[in-house]
$ cat target07.cif   # mmCIF, C-alpha atoms
data_upload
#
loop_
_atom_site.label_atom_id
_atom_site.label_comp_id
_atom_site.auth_asym_id
_atom_site.auth_seq_id
_atom_site.Cartn_x
_atom_site.Cartn_y
_atom_site.Cartn_z
CA MET A 244 30.19 -17.96 -12.35
CA ASP A 245 30.47 -21.70 -11.63
CA LEU A 246 28.88 -22.82 -8.40
CA THR A 247 29.40 -26.11 -6.60
CA ARG A 248 26.37 -28.13 -5.54
CA GLN A 249 26.64 -26.79 -2.01
CA GLU A 250 26.92 -23.21 -3.20
CA GLN A 251 23.83 -23.67 -5.35
CA GLY A 252 21.93 -24.65 -2.22
CA ARG A 253 23.16 -21.57 -0.39
CA LEU A 254 22.16 -19.37 -3.29
CA LEU A 255 18.68 -20.88 -3.22
CA ASP A 256 18.41 -20.08 0.49
CA CYS A 257 19.40 -16.50 -0.21
CA LEU A 258 16.83 -16.23 -3.00
CA LEU A 259 14.03 -17.46 -0.75
CA GLU A 260 15.08 -14.99 1.95
CA MET A 261 15.10 -12.22 -0.63
CA GLY A 262 11.61 -13.13 -1.85
CA ASP A 263 10.33 -13.29 1.71
CA LEU A 264 11.70 -9.82 2.46
CA LEU A 265 10.33 -8.39 -0.78
CA LEU A 266 6.81 -9.72 -0.15
CA ASP A 267 6.88 -8.46 3.41
CA CYS A 268 7.88 -4.92 2.53
CA GLY A 269 5.12 -4.54 -0.03
CA ALA A 270 6.44 -5.56 -3.45
CA GLU A 271 3.92 -6.79 -6.01
CA ILE A 272 3.88 -10.50 -6.85
CA GLY A 273 5.17 -9.88 -10.37
CA ARG A 274 8.16 -7.99 -9.06
CA VAL A 275 9.11 -10.78 -6.66
CA GLU A 276 8.92 -13.45 -9.36
CA ASP A 277 10.83 -11.28 -11.78
CA THR A 278 13.59 -10.39 -9.31
CA LEU A 279 14.18 -13.98 -8.23
CA SER A 280 14.38 -15.26 -11.83
CA ARG A 281 16.82 -12.55 -12.80
CA MET A 282 18.97 -13.26 -9.77
CA GLY A 283 19.10 -16.96 -10.59
CA HIS A 284 20.07 -16.34 -14.20
CA ALA A 285 22.71 -13.86 -13.10
CA TYR A 286 24.34 -16.61 -11.05
CA GLY A 287 24.37 -18.92 -14.04
CA ALA A 288 21.17 -20.92 -13.68
CA GLU A 289 19.93 -22.35 -16.95
CA GLN A 290 16.29 -22.50 -15.94
CA MET A 291 14.44 -20.68 -13.21
CA ASN A 292 10.90 -21.60 -12.23
CA VAL A 293 9.65 -19.18 -9.65
CA PHE A 294 6.13 -19.33 -8.32
CA VAL A 295 4.92 -16.82 -5.77
CA ILE A 296 1.56 -16.39 -4.11
CA PRO A 297 0.99 -14.26 -1.01
CA SER A 298 1.60 -17.15 1.39
CA LEU A 299 4.19 -19.22 -0.49
CA ILE A 300 7.35 -18.94 -2.52
CA SER A 301 8.58 -21.86 -4.58
CA VAL A 302 11.82 -21.71 -6.53
CA SER A 303 13.17 -24.46 -8.74
CA MET A 304 16.46 -23.85 -10.48
CA SER A 305 18.66 -25.92 -12.68
CA PHE A 306 22.27 -25.32 -13.61
CA PRO A 307 23.89 -26.80 -16.72
CA ASP A 308 24.75 -30.52 -16.29
CA THR A 309 23.20 -30.91 -12.84
CA GLU A 310 19.84 -31.89 -11.48
CA ALA A 311 17.37 -29.14 -10.63
CA ILE A 312 17.04 -28.11 -7.00
CA THR A 313 13.78 -26.93 -5.53
CA GLU A 314 12.81 -25.29 -2.29
CA THR A 315 9.63 -23.75 -1.00
CA ARG A 316 8.97 -21.36 1.83
CA ARG A 317 5.75 -20.64 3.68
CA ILE A 318 5.32 -16.90 4.11
CA HIS A 319 3.79 -15.64 7.32
CA SER A 320 4.93 -12.07 7.44
CA PHE A 321 2.96 -9.61 5.44
CA GLY A 322 2.11 -5.97 5.33
CA ASN A 323 5.05 -4.18 6.93
CA THR A 324 5.26 -1.86 3.95
CA ASP A 325 8.79 -0.51 4.00
CA PHE A 326 9.98 1.33 0.93
CA CYS A 327 13.50 1.74 2.22
CA ARG A 328 13.95 -2.04 2.35
CA LEU A 329 12.29 -2.46 -1.02
CA GLU A 330 14.71 -0.02 -2.49
CA LYS A 331 17.76 -1.67 -0.92
CA ILE A 332 16.81 -5.13 -2.17
CA ASN A 333 16.07 -3.73 -5.58
CA ALA A 334 19.48 -2.08 -5.72
CA MET A 335 21.07 -5.37 -4.64
CA SER A 336 19.37 -7.30 -7.43
CA ARG A 337 20.31 -4.68 -10.00
CA GLN A 338 23.90 -4.91 -8.91
CA CYS A 339 23.85 -8.71 -9.08
CA SER A 340 22.53 -8.70 -12.61
CA THR A 341 25.64 -6.89 -13.81
CA ALA A 342 28.20 -8.39 -11.43
CA PRO A 343 26.93 -11.14 -9.08
CA LEU A 344 27.99 -10.60 -5.47
CA PRO A 345 29.94 -13.36 -3.73
CA LEU A 346 27.50 -15.58 -1.80
CA ASP A 347 28.86 -14.61 1.62
CA GLU A 348 28.40 -10.97 0.87
CA LEU A 349 24.89 -11.53 -0.53
CA ARG A 350 23.94 -13.33 2.69
CA ALA A 351 25.46 -10.62 4.87
CA ARG A 352 23.67 -7.85 3.01
CA LEU A 353 20.33 -9.65 3.20
CA ASP A 354 20.76 -10.10 6.95
CA LYS A 355 21.52 -6.43 7.28
CA VAL A 356 18.35 -5.49 5.39
CA ALA A 357 16.32 -7.97 7.45
CA HIS A 358 17.47 -6.42 10.71
CA GLY A 359 17.17 -2.77 9.71
CA ARG A 360 13.74 -1.37 10.54
CA LYS A 361 12.23 1.95 9.61
CA PRO A 362 12.40 4.34 12.57
CA PHE A 363 9.22 4.31 14.65
CA SER A 364 9.25 8.07 15.14
CA MET A 365 8.90 8.55 11.40
CA VAL A 366 5.93 6.15 11.24
CA PHE A 367 4.33 7.92 14.20
CA TRP A 368 4.61 11.47 12.87
CA GLY A 369 3.69 10.26 9.40
CA SER A 370 0.45 8.77 10.75
CA VAL A 371 -0.34 11.99 12.59
CA LEU A 372 0.22 14.06 9.47
CA GLY A 373 -1.60 11.61 7.18
CA GLY A 374 -4.66 11.16 9.40
CA GLY A 375 -5.00 14.87 10.17
CA GLY A 376 -4.36 15.85 6.57
CA PHE A 377 -6.99 13.53 5.16
CA ALA A 378 -9.64 14.70 7.65
CA VAL A 379 -9.23 18.22 6.25
CA PHE A 380 -8.88 16.90 2.69
CA PHE A 381 -12.28 15.23 2.87
CA GLY A 382 -13.94 18.45 4.00
CA GLY A 383 -13.27 18.82 7.73
CA ASP A 384 -12.12 22.09 9.27
CA LEU A 385 -8.90 22.74 11.14
CA TRP A 386 -10.25 21.47 14.47
CA ASP A 387 -11.44 18.23 12.87
CA GLY A 388 -7.94 17.85 11.45
CA LEU A 389 -6.34 18.31 14.86
CA VAL A 390 -8.62 15.79 16.57
CA ALA A 391 -8.05 13.33 13.71
CA ALA A 392 -4.30 13.82 14.14
CA VAL A 393 -4.53 12.98 17.85
CA PHE A 394 -6.53 9.83 17.13
CA ALA A 395 -4.14 8.94 14.30
CA ALA A 396 -1.43 8.82 16.96
CA VAL A 397 -3.62 6.42 18.95
CA VAL A 398 -4.11 4.28 15.82
CA CYS A 399 -0.38 4.14 15.29
CA LEU A 400 0.40 3.14 18.88
CA LEU A 401 -2.38 0.55 18.95
CA GLN A 402 -1.21 -0.98 15.68
CA ARG A 403 2.30 -1.24 17.02
CA ARG A 404 1.11 -2.88 20.20
CA LEU A 405 -1.20 -5.31 18.37
CA GLY A 406 1.45 -6.05 15.77
CA ARG A 407 3.50 -7.76 18.49
CA THR A 408 0.68 -10.13 19.39
CA GLN A 409 -0.51 -13.20 17.54
CA LEU A 410 -3.71 -11.46 16.42
CA GLY A 411 -4.11 -11.42 12.67
CA VAL A 412 -4.81 -8.31 10.62
CA VAL A 413 -8.54 -8.98 10.74
CA ALA A 414 -8.84 -9.09 14.52
CA SER A 415 -6.53 -6.14 15.06
CA ASN A 416 -8.35 -4.00 12.47
CA LEU A 417 -11.60 -4.83 14.21
CA MET A 418 -10.21 -3.75 17.58
CA VAL A 419 -8.50 -0.60 16.37
CA SER A 420 -11.57 0.61 14.49
CA LEU A 421 -13.81 -0.11 17.48
CA VAL A 422 -11.57 1.86 19.84
CA ILE A 423 -11.17 4.77 17.42
CA GLY A 424 -14.88 4.84 16.58
CA LEU A 425 -15.80 4.96 20.27
CA GLY A 426 -13.16 7.57 21.10
CA VAL A 427 -14.05 9.91 18.26
CA GLY A 428 -17.76 9.38 18.87
CA LEU A 429 -17.42 10.39 22.53
CA VAL A 430 -15.31 13.45 21.75
CA ALA A 431 -17.75 14.55 19.04
CA GLU A 432 -20.61 14.04 21.50
CA LEU A 433 -18.89 16.34 24.04
CA ILE A 434 -17.90 18.98 21.49
CA PRO A 435 -20.79 19.24 19.02
CA ALA A 436 -18.91 21.67 16.77
CA LEU A 437 -16.70 18.81 15.54
CA HIS A 438 -17.65 16.78 12.48
CA MET A 439 -17.41 13.16 13.53
CA ASP A 440 -17.64 11.82 9.98
CA LYS A 441 -14.68 13.84 8.67
CA ILE A 442 -12.50 12.90 11.64
CA LEU A 443 -13.28 9.22 11.21
CA ILE A 444 -12.64 9.34 7.47
CA GLY A 445 -9.19 10.80 8.10
CA ASP A 446 -8.33 8.00 10.50
CA ILE A 447 -9.94 5.34 8.28
CA MET A 448 -7.45 6.23 5.56
CA LEU A 449 -4.70 4.90 7.84
CA LEU A 450 -6.45 1.56 8.20
CA ILE A 451 -8.12 1.15 4.84
CA PRO A 452 -6.71 -1.59 2.64
CA GLY A 453 -7.30 0.65 -0.37
CA LEU A 454 -3.81 -0.02 -1.62
CA ALA A 455 -4.03 -3.75 -1.12
CA MET A 456 -7.32 -3.63 -2.99
CA THR A 457 -5.90 -1.57 -5.84
CA ASN A 458 -2.88 -3.85 -6.07
CA ALA A 459 -5.17 -6.87 -6.09
CA ILE A 460 -7.22 -5.60 -9.01
CA ARG A 461 -3.99 -4.64 -10.74
CA ASN A 462 -2.51 -8.12 -10.26
CA THR A 463 -5.66 -9.65 -11.69
CA LEU A 464 -5.79 -7.36 -14.70
CA LEU A 465 -2.14 -8.06 -15.49
CA GLY A 466 -2.54 -11.83 -15.39
CA ASN A 467 -1.57 -12.84 -11.85
CA THR A 468 -5.06 -14.14 -11.25
CA ILE A 469 -4.41 -16.39 -8.27
CA SER A 470 -2.57 -13.77 -6.26
CA GLY A 471 -4.96 -11.06 -7.33
CA VAL A 472 -8.00 -12.97 -6.17
CA VAL A 473 -6.37 -14.03 -2.90
CA ARG A 474 -5.32 -10.47 -2.13
CA LEU A 475 -8.69 -9.09 -3.12
CA ALA A 476 -10.49 -11.53 -0.83
CA GLU A 477 -8.04 -10.66 1.96
CA SER A 478 -8.49 -6.94 1.58
CA LEU A 479 -12.28 -7.22 1.40
CA ILE A 480 -12.23 -9.19 4.64
CA TRP A 481 -10.02 -6.52 6.26
CA ALA A 482 -12.37 -3.80 5.04
CA ALA A 483 -15.29 -5.76 6.44
CA ALA A 484 -13.52 -6.04 9.81
CA LEU A 485 -12.82 -2.33 9.75
CA ALA A 486 -16.44 -1.58 8.90
CA GLY A 487 -17.63 -3.99 11.60
CA GLY A 488 -15.62 -2.22 14.30
CA PHE A 489 -16.82 1.22 13.24
CA MET A 490 -20.42 0.05 12.96
CA VAL A 491 -20.45 -1.31 16.50
CA ALA A 492 -18.89 1.95 17.69
CA LEU A 493 -21.49 4.03 15.79
CA VAL A 494 -24.31 1.97 17.23
CA ILE A 495 -22.98 2.37 20.79
CA VAL A 496 -22.44 6.11 20.34
CA GLY A 497 -25.95 6.38 18.86
CA LEU A 498 -27.38 4.85 22.06
CA LEU A 499 -25.91 7.67 24.16
CA PRO A 500 -28.48 10.22 25.35
CA MET B 275 -9.20 29.75 1.06
CA LYS B 276 -10.89 28.03 -1.84
CA PRO B 277 -11.74 24.35 -1.26
CA ALA B 278 -9.62 23.25 -4.23
CA LEU B 279 -6.55 24.96 -2.75
CA ILE B 280 -7.15 23.40 0.66
CA GLN B 281 -7.51 20.01 -0.99
CA LEU B 282 -4.29 20.39 -2.93
CA LEU B 283 -2.41 21.50 0.18
CA THR B 284 -3.78 18.68 2.34
CA ALA B 285 -3.19 16.15 -0.47
CA PHE B 286 0.46 17.19 -0.34
CA LEU B 287 0.62 16.89 3.46
CA SER B 288 -1.23 13.57 3.58
CA SER B 289 0.91 12.00 0.87
CA LEU B 290 3.95 13.22 2.79
CA GLY B 291 2.61 11.63 5.97
CA PHE B 292 1.93 8.29 4.31
CA SER B 293 5.32 8.24 2.61
CA MET B 294 6.79 8.57 6.09
CA VAL B 295 4.60 5.72 7.36
CA PHE B 296 5.89 3.59 4.50
CA GLY B 297 9.46 4.38 5.47
CA LEU B 298 10.42 6.22 2.31
CA ARG B 299 13.90 7.66 2.35
CA ARG B 300 14.08 11.26 3.48
CA ARG B 301 15.48 12.65 0.26
CA PHE B 302 12.59 11.21 -1.77
CA LEU B 303 9.82 12.50 0.51
CA ALA B 304 9.28 15.77 -1.32
CA TYR B 305 8.89 14.05 -4.71
CA ALA B 306 6.36 11.59 -3.30
CA ALA B 307 4.30 14.33 -1.64
CA LEU B 308 4.38 16.42 -4.82
CA GLY B 309 3.03 13.36 -6.66
CA GLY B 310 -0.04 13.38 -4.39
CA LEU B 311 -0.63 17.06 -5.06
CA LEU B 312 -0.21 16.75 -8.83
CA CYS B 313 -2.36 13.64 -9.07
CA TRP B 314 -5.19 15.35 -7.23
CA GLY B 315 -4.69 18.41 -9.42
CA VAL B 316 -5.13 16.26 -12.53
CA TYR B 317 -8.26 14.75 -11.02
CA LEU B 318 -9.74 18.16 -10.21
CA GLY B 319 -8.94 19.50 -13.66
CA MET B 320 -10.36 16.50 -15.46
CA ASP B 321 -13.46 16.45 -13.27
CA ALA B 322 -14.16 20.13 -13.95
CA TRP B 323 -13.75 19.48 -17.66
CA THR B 324 -15.50 16.13 -18.21
CA HIS B 325 -17.76 15.83 -15.13
CA MET B 326 -17.15 12.07 -15.24
CA GLU B 327 -15.77 10.62 -12.04
CA PHE B 328 -14.66 7.29 -13.50
CA LEU B 329 -12.76 8.87 -16.37
CA SER B 330 -11.17 11.55 -14.18
CA CYS B 331 -9.98 8.98 -11.65
CA LEU B 332 -8.64 6.75 -14.39
CA LEU B 333 -6.69 9.59 -15.98
CA ALA B 334 -5.39 10.82 -12.61
CA SER B 335 -4.09 7.38 -11.65
CA SER B 336 -2.56 6.94 -15.12
CA PHE B 337 -0.85 10.26 -14.58
CA ALA B 338 0.44 9.08 -11.19
CA VAL B 339 2.09 6.06 -12.80
CA VAL B 340 3.70 8.12 -15.56
CA TYR B 341 5.00 10.57 -12.96
CA ALA B 342 6.36 7.72 -10.85
CA GLU B 343 7.97 5.95 -13.80
CA LEU B 344 9.71 9.14 -14.86
CA LEU B 345 11.03 9.75 -11.35
CA ALA B 346 12.07 6.12 -11.09
CA ARG B 347 14.19 6.46 -14.23
CA LEU B 348 15.68 9.67 -12.93
CA LEU B 349 16.46 8.50 -9.39
CA LYS B 350 17.08 4.81 -10.21
CA THR B 351 14.50 3.40 -7.79
CA PRO B 352 11.42 1.18 -8.19
CA ALA B 353 8.40 3.14 -9.40
CA THR B 354 6.13 1.73 -6.66
CA LEU B 355 7.79 4.14 -4.21
CA PHE B 356 6.10 7.05 -5.95
CA VAL B 357 2.96 5.42 -7.34
CA VAL B 358 1.56 4.58 -3.94
CA PRO B 359 1.76 8.04 -2.30
CA ALA B 360 0.55 9.73 -5.49
CA ILE B 361 -2.70 7.76 -5.85
CA LEU B 362 -3.57 8.01 -2.15
CA PRO B 363 -5.78 11.12 -2.48
CA LEU B 364 -7.90 9.16 -4.98
CA VAL B 365 -8.58 6.31 -2.53
CA PRO B 366 -12.30 6.45 -1.76
CA GLY B 367 -12.13 6.68 2.04
CA GLY B 368 -15.04 9.09 2.21
CA SER B 369 -17.54 7.04 0.26
CA LEU B 370 -16.48 3.89 2.12
CA TYR B 371 -17.25 5.61 5.41
CA TYR B 372 -20.63 6.91 4.24
CA THR B 373 -21.50 3.42 2.97
CA MET B 374 -20.92 2.05 6.47
CA GLU B 375 -22.73 4.91 8.20
CA ASN B 376 -25.80 4.48 6.01
CA VAL B 377 -25.85 0.74 6.62
CA VAL B 378 -25.80 1.37 10.39
CA HIS B 379 -28.73 3.73 10.12
CA GLY B 380 -30.67 1.39 7.89
CA ARG B 381 -30.66 3.70 4.86
CA LEU B 382 -29.89 0.91 2.42
CA GLU B 383 -30.61 2.87 -0.74
CA ALA B 384 -28.04 5.53 0.14
CA ALA B 385 -25.61 2.84 1.29
CA ARG B 386 -25.93 1.09 -2.05
CA SER B 387 -25.21 4.27 -3.95
CA TYR B 388 -22.12 5.09 -1.85
CA GLY B 389 -20.95 1.48 -2.06
CA GLN B 390 -21.27 1.57 -5.82
CA GLN B 391 -19.26 4.79 -5.94
CA THR B 392 -16.53 3.24 -3.78
CA LEU B 393 -16.21 0.27 -6.12
CA ILE B 394 -16.24 2.39 -9.27
CA VAL B 395 -13.43 4.60 -7.97
CA ALA B 396 -11.36 1.59 -6.86
CA LEU B 397 -11.81 0.05 -10.29
CA ALA B 398 -10.92 3.32 -12.03
CA ILE B 399 -7.67 3.64 -10.05
CA ALA B 400 -6.67 0.07 -10.82
CA ALA B 401 -7.59 0.40 -14.48
CA GLY B 402 -5.61 3.61 -14.81
CA ILE B 403 -2.51 2.00 -13.31
CA SER B 404 -2.85 -1.18 -15.38
CA PHE B 405 -3.34 0.81 -18.56
CA VAL B 406 0.01 2.57 -18.25
CA VAL B 407 1.82 -0.54 -17.00
CA ALA B 408 0.48 -2.49 -19.98
CA LEU B 409 1.66 0.21 -22.38
CA ARG B 410 5.11 0.13 -20.80
CA GLU B 411 5.26 -3.66 -21.12
CA LEU B 412 4.36 -3.37 -24.79
CA ARG B 413 7.25 -1.02 -25.35
CA ALA B 414 9.68 -3.10 -23.33
CA ARG B 415 8.88 -6.38 -25.10
CA ARG B 416 9.18 -4.99 -28.58
#

$ encode --input "target07.cif" --output "structure tokens"
Amino acid sequence: MDLTRQEQGRLLDCLLEMGDLLLDCGAEIGRVEDTLSRMGHAYGAEQMNVFVIPSLISVSMSFPDTEAITETRRIHSFGNTDFCRLEKINAMSRQCSTAPLPLDELRARLDKVAHGRKPFSMVFWGSVLGGGGFAVFFGGDLWDGLVAAVFAAVVCLLQRRLGRTQLGVVASNLMVSLVIGLGVGLVAELIPALHMDKILIGDIMLLIPGLAMTNAIRNTLLGNTISGVVRLAESLIWAAALAGGFMVALVIVGLLP
Amino acid sequence: MKPALIQLLTAFLSSLGFSMVFGLRRRFLAYAALGGLLCWGVYLGMDAWTHMEFLSCLLASSFAVVYAELLARLLKTPATLFVVPAILPLVPGGSLYYTMENVVHGRLEAARSYGQQTLIVALAIAAGISFVVALRELRARR
């Protein structure tokens, strides 16, 4: 496929958009770099230099007989894990590697993916099931599971509300864990038969950056040191914020008569 | 019911819940939830056999990746979709919580021991995943 200079620029825009979407919906760094390089080669680029870290994508591509073009994009969005999007973009890139889509269609499909969101009801009921399930998994009884499920719903609603504000992940984790810690602490104080620790563990699982942490160590072990270390630091800070909120809540609940 | 059975059942339900939170497509939900159950089953089996938490976690997370890679081939999707829900039951939420609780109550010795356990498990999960991914890369590059 021979592209004019202008078309090369449009392709580059599409690639950056694609990388942005991939990072946002939870793809590993390696996958983003890999996908963008493949895409570029599929459209006839001779050399692709793709560099991705959690907050930046830089793509430099050169076609035969022309000067290389380079663009970078600052990434702000992060952490809206969405496997449906991930899958769609993956399918798109697979398709392009066998038969590249026309640029207009590529753009249109990317826009469609960017505007499609996972249904909130699914996230809500998933949180309820996940939080309740893990409370029982870690040794709570049925009642602990039910209370954890109720508070998981609160977590989900709070996260949605805070996600619309300018608060970062750190501040919102701090707030959510404080509210949940206080709520569960009070309920457990009123109904002594409940196990406060099990309920909180179930709801922590919803907030814990365990996956980010695992991914970070994985990135580091597989050679993406910069991204691995950045992500690890990020997830440790989130965990600290989470712990901070819960600790304050535990202290306050401990002061109750 | 025996605790192991309850754990397997709730591992299935929790993995299902989280797959929903992550927006997994409806027709893949059952596979993802089954991954959580099987992964925890491998962990329980290995733990009963070897009594070594690090090794059991490592093997269970390796298993999760193999399971996910196989499904990915079969269903033509990225493997991440199934890795993440499958390893969830291994994530050390419990020991993280007890670390915090012990810090609040000033029991630093207990906090240190729980903290250490949290880190060891996180490392074991990551090592297990990386191990299989590295093996796959070796095959692919040959």

$ closest_residue --input "target07.cif" --among "A:Ala270, A:Ala311, A:Ala396, A:Met261" --to "B:Val358" --atoms "only C-alpha atoms"
A:Ala270

$ closest_atom_pairs --input "target07.cif" --of "chain B" --to "chain A" --cutoff "6 Å" --atoms "only C-alpha atoms" --output "Markdown table"
| residue | atom | partner | partner_atom | distance |
| --- | --- | --- | --- | --- |
| B:Gln281 | CA | A:Phe380 | CA | 5.0 |
| B:Thr284 | CA | A:Gly376 | CA | 5.1 |
| B:Leu287 | CA | A:Gly376 | CA | 6.0 |
| B:Ser288 | CA | A:Gly373 | CA | 4.1 |
| B:Gly291 | CA | A:Gly369 | CA | 3.8 |
| B:Phe292 | CA | A:Gly373 | CA | 5.6 |
| B:Met294 | CA | A:Gly369 | CA | 4.8 |
| B:Val295 | CA | A:Val366 | CA | 4.1 |
| B:Phe296 | CA | A:Asp325 | CA | 5.0 |
| B:Gly297 | CA | A:Asp325 | CA | 5.1 |
| B:Leu298 | CA | A:Phe326 | CA | 5.1 |
| B:Arg299 | CA | A:Cys327 | CA | 5.9 |
| B:Gly367 | CA | A:Met448 | CA | 5.9 |
| B:Gly368 | CA | A:Ile444 | CA | 5.8 |
| B:Ala400 | CA | A:Thr457 | CA | 5.3 |
| B:Ser404 | CA | A:Arg461 | CA | 5.9 |

$ write_last_selection --input "target07.cif" --atoms "C-alpha atoms" --output "PDB file, in the coordinates of the input"
ATOM      1  CA  GLN B 281      -7.510  20.010  -0.990  1.00  0.00           C
ATOM      2  CA  THR B 284      -3.780  18.680   2.340  1.00  0.00           C
ATOM      3  CA  LEU B 287       0.620  16.890   3.460  1.00  0.00           C
ATOM      4  CA  SER B 288      -1.230  13.570   3.580  1.00  0.00           C
ATOM      5  CA  GLY B 291       2.610  11.630   5.970  1.00  0.00           C
ATOM      6  CA  PHE B 292       1.930   8.290   4.310  1.00  0.00           C
ATOM      7  CA  MET B 294       6.790   8.570   6.090  1.00  0.00           C
ATOM      8  CA  VAL B 295       4.600   5.720   7.360  1.00  0.00           C
ATOM      9  CA  PHE B 296       5.890   3.590   4.500  1.00  0.00           C
ATOM     10  CA  GLY B 297       9.460   4.380   5.470  1.00  0.00           C
ATOM     11  CA  LEU B 298      10.420   6.220   2.310  1.00  0.00           C
ATOM     12  CA  ARG B 299      13.900   7.660   2.350  1.00  0.00           C
ATOM     13  CA  GLY B 367     -12.130   6.680   2.040  1.00  0.00           C
ATOM     14  CA  GLY B 368     -15.040   9.090   2.210  1.00  0.00           C
ATOM     15  CA  ALA B 400      -6.670   0.070 -10.820  1.00  0.00           C
ATOM     16  CA  SER B 404      -2.850  -1.180 -15.380  1.00  0.00           C
TER      17      SER B 404
END

$ closest_residue --input "target07.cif" --among "A:Thr313, A:Leu389, A:Gln409, A:Ile495" --to "A:Gly424" --atoms "all atoms listed in the file"
A:Ile495

$ atom_distance --input "target07.cif" --atom1 "atom CA of A:Thr468" --atom2 "atom CA of B:Ala396"
17.5 Å

$ closest_residue --input "target07.cif" --among "B:Phe356, B:Tyr341, B:Phe328, B:Trp314" --to "B:Leu393" --atoms "all atoms listed in the file"
B:Phe328

$ atom_distance --input "target07.cif" --atom1 "atom CA of B:Val378" --atom2 "atom CA of B:Ala398"
27.0 Å

$ closest_residue --input "target07.cif" --among "A:Thr315, A:Ser305, A:Ser298, A:Ser478" --to "A:Gly283" --atoms "all atoms listed in the file"
A:Ser305

$ atom_distance --input "target07.cif" --atom1 "atom CA of B:Gly315" --atom2 "atom CA of A:Val398"
28.9 Å

$ resolve_selection --input "target07.cif" --expression "the PyMOL selection byres ((chain B and resi 373) around 10)" --output "number ranges by chain"
A: 486; B: 367-372, 374-378, 381-392

$ closest_residue --input "target07.cif" --among "A:Ala492, A:Pro345, A:Ile272, A:Ala436" --to "A:Gly471" --atoms "only C-alpha atoms"
A:Ile272

$ residues_around --input "target07.cif" --residues "stretch 343-347 of chain B" --least-positions-apart "5" --cutoff "10 Å" --atoms "only C-alpha atoms" --output "list in words"
Phe302, Tyr305, Ala306, Gly309, Phe337, Ala338, Pro352, Ala353, Thr354, Leu355, Phe356, Val357, Val406, Val407 and Arg410 of chain B

$ residues_around --input "target07.cif" --residues "B:Cys331" --least-positions-apart "2" --cutoff "9 Å" --atoms "all atoms listed in the file" --output "NGL selection string"
:B and (316-317 or 320-321 or 326-329 or 333-336 or 364 or 395-396 or 398-399 or 402)

$ build_atoms --input "target07.cif" --residues "stretch 398-410 of chain B" --atoms "N, CA and C atoms" --output "PDB file, in the frame of the given file"
ATOM      1  N   ALA B 398     -11.520   2.305 -11.160  1.00  0.00           N
ATOM      2  CA  ALA B 398     -10.920   3.320 -12.030  1.00  0.00           C
ATOM      3  C   ALA B 398      -9.432   3.478 -11.720  1.00  0.00           C
ATOM      4  N   ILE B 399      -9.085   3.493 -10.423  1.00  0.00           N
ATOM      5  CA  ILE B 399      -7.670   3.640 -10.050  1.00  0.00           C
ATOM      6  C   ILE B 399      -6.879   2.472 -10.612  1.00  0.00           C
ATOM      7  N   ALA B 400      -7.393   1.250 -10.375  1.00  0.00           N
ATOM      8  CA  ALA B 400      -6.670   0.070 -10.820  1.00  0.00           C
ATOM      9  C   ALA B 400      -6.549   0.035 -12.339  1.00  0.00           C
ATOM     10  N   ALA B 401      -7.628   0.411 -13.021  1.00  0.00           N
ATOM     11  CA  ALA B 401      -7.590   0.400 -14.480  1.00  0.00           C
ATOM     12  C   ALA B 401      -6.585   1.409 -14.996  1.00  0.00           C
ATOM     13  N   GLY B 402      -6.556   2.583 -14.382  1.00  0.00           N
ATOM     14  CA  GLY B 402      -5.610   3.610 -14.810  1.00  0.00           C
ATOM     15  C   GLY B 402      -4.178   3.142 -14.673  1.00  0.00           C
ATOM     16  N   ILE B 403      -3.872   2.497 -13.530  1.00  0.00           N
ATOM     17  CA  ILE B 403      -2.510   2.000 -13.310  1.00  0.00           C
ATOM     18  C   ILE B 403      -2.192   0.915 -14.342  1.00  0.00           C
ATOM     19  N   SER B 404      -3.113  -0.048 -14.492  1.00  0.00           N
ATOM     20  CA  SER B 404      -2.850  -1.180 -15.380  1.00  0.00           C
ATOM     21  C   SER B 404      -2.657  -0.722 -16.817  1.00  0.00           C
ATOM     22  N   PHE B 405      -3.414   0.285 -17.206  1.00  0.00           N
ATOM     23  CA  PHE B 405      -3.340   0.810 -18.560  1.00  0.00           C
ATOM     24  C   PHE B 405      -1.906   1.239 -18.880  1.00  0.00           C
ATOM     25  N   VAL B 406      -1.338   2.068 -17.994  1.00  0.00           N
ATOM     26  CA  VAL B 406       0.010   2.570 -18.250  1.00  0.00           C
ATOM     27  C   VAL B 406       1.038   1.437 -18.158  1.00  0.00           C
ATOM     28  N   VAL B 407       0.868   0.556 -17.146  1.00  0.00           N
ATOM     29  CA  VAL B 407       1.820  -0.540 -17.000  1.00  0.00           C
ATOM     30  C   VAL B 407       1.802  -1.428 -18.242  1.00  0.00           C
ATOM     31  N   ALA B 408       0.591  -1.660 -18.780  1.00  0.00           N
ATOM     32  CA  ALA B 408       0.480  -2.490 -19.980  1.00  0.00           C
ATOM     33  C   ALA B 408       1.183  -1.819 -21.163  1.00  0.00           C
ATOM     34  N   LEU B 409       0.992  -0.510 -21.299  1.00  0.00           N
ATOM     35  CA  LEU B 409       1.660   0.210 -22.380  1.00  0.00           C
ATOM     36  C   LEU B 409       3.177   0.093 -22.267  1.00  0.00           C
ATOM     37  N   ARG B 410       3.663   0.212 -21.020  1.00  0.00           N
ATOM     38  CA  ARG B 410       5.110   0.130 -20.800  1.00  0.00           C
ATOM     39  C   ARG B 410       5.619  -1.246 -21.184  1.00  0.00           C
TER      40      ARG B 410
END
